[in-house]
Amino acid sequence: MDSNEVGPEKVAIVVSEGSYDKAMASVFLGSTAAGLGMDVHLFFTFFGLDLLKKNKRPKLKGMFRPFTGMFEKKMKGIGVESFQVMMDTCSEMGVKFYACSTSMEAMGLKMEDLRDGVDILGASKFLDIAAGSNIQLFIG
């Protein structure tokens, strides 16, 4: 690409919670942006990091937690895949997933605890990515 050519728009999303609604919002936005040709980066930190664990099935929070299965069926009925399928779709579309190195250490997680395709990144490196992004979002 020469200096006059503009690259794809870049989206940087921070995911700091692991509940079902936050999980699905991150993959909806990630896959939609990737589908629009954007360069997408999702940074999972604090309790959002839980979503990067292998075979993770997020749940609704609080008194709605027992209704997670019912809500998943309702989503499937309108054509929305499960969180794991959506994560796989995002990966296939080129969405980049990052685990916060500090959060991993604090929570005692190792690379082998995480799904394939996740990179470990410090906050300062992710901020470099976010600073060069057209869109920055926080899901928390």
# chains A, B, ... in the order shown; residues from 1 in each chain; ligands from 1
>>> select_by_dssp(residues="segment 12-86 of chain A", states="helix (DSSP H, G or I)", output="CSV table (one decimal) with C-alpha atoms, in the first residue's frame")
chain,number,residue,atom,x,y,z
A,20,TYR,CA,-24.0,-13.7,28.0
A,21,ASP,CA,-25.2,-10.3,26.9
A,22,LYS,CA,-21.7,-8.9,26.9
A,23,ALA,CA,-20.3,-12.0,25.2
A,24,MET,CA,-22.8,-11.9,22.4
A,25,ALA,CA,-22.4,-8.1,21.9
A,26,SER,CA,-18.7,-8.6,21.4
A,27,VAL,CA,-19.1,-11.2,18.7
A,28,PHE,CA,-22.0,-9.5,17.0
A,29,LEU,CA,-20.0,-6.3,16.7
A,30,GLY,CA,-16.8,-8.1,15.8
A,31,SER,CA,-18.4,-10.2,13.1
A,32,THR,CA,-20.4,-7.3,11.7
A,33,ALA,CA,-17.4,-5.1,11.5
A,34,ALA,CA,-15.3,-7.9,9.9
A,35,GLY,CA,-18.2,-8.5,7.4
A,46,PHE,CA,-10.8,-8.7,33.8
A,47,PHE,CA,-13.9,-11.0,33.9
A,48,GLY,CA,-14.2,-10.7,30.1
A,49,LEU,CA,-11.1,-12.9,29.9
A,50,ASP,CA,-13.3,-15.8,31.0
A,51,LEU,CA,-14.9,-15.8,27.5
A,52,LEU,CA,-11.6,-16.9,26.0
A,62,GLY,CA,-28.3,-12.5,38.4
A,63,MET,CA,-31.9,-13.7,38.7
A,64,PHE,CA,-31.9,-14.2,34.9
A,65,ARG,CA,-29.1,-16.8,35.0
A,66,PRO,CA,-31.5,-19.8,35.0
A,67,PHE,CA,-33.0,-18.6,31.8
A,68,THR,CA,-29.8,-18.7,29.8
A,69,GLY,CA,-30.8,-21.9,27.9
A,70,MET,CA,-34.2,-20.5,27.1
A,71,PHE,CA,-32.7,-17.3,25.7
A,72,GLU,CA,-30.1,-19.3,23.7
A,73,LYS,CA,-33.0,-21.3,22.1
A,74,LYS,CA,-34.8,-18.0,21.3
A,75,MET,CA,-31.7,-16.6,19.7
A,76,LYS,CA,-31.2,-19.8,17.7
A,77,GLY,CA,-34.9,-19.5,16.6
A,83,PHE,CA,-21.4,-17.9,21.4
A,84,GLN,CA,-18.8,-20.6,20.5
A,85,VAL,CA,-20.0,-20.8,16.9
A,86,MET,CA,-19.9,-17.0,16.7
>>> closest_atom_pairs(of="segment 4-23 of chain A", to="segment 127-131 of chain A", cutoff="10 Å", atoms="only C-alpha atoms", output="CSV")
residue,atom,partner,partner_atom,distance
A:Lys10,CA,A:Ala130,CA,8.4
A:Val11,CA,A:Ala130,CA,7.5
A:Ala12,CA,A:Ala130,CA,5.2
A:Ile13,CA,A:Ala130,CA,8.1
A:Val14,CA,A:Ala130,CA,9.4
>>> residues_around(residues="segment 106-120 of chain A", least_positions_apart="6", cutoff="12 Å", atoms="only C-alpha atoms", output="number ranges by chain")
A: 41-56, 84, 87-88, 90-92, 94-100, 126
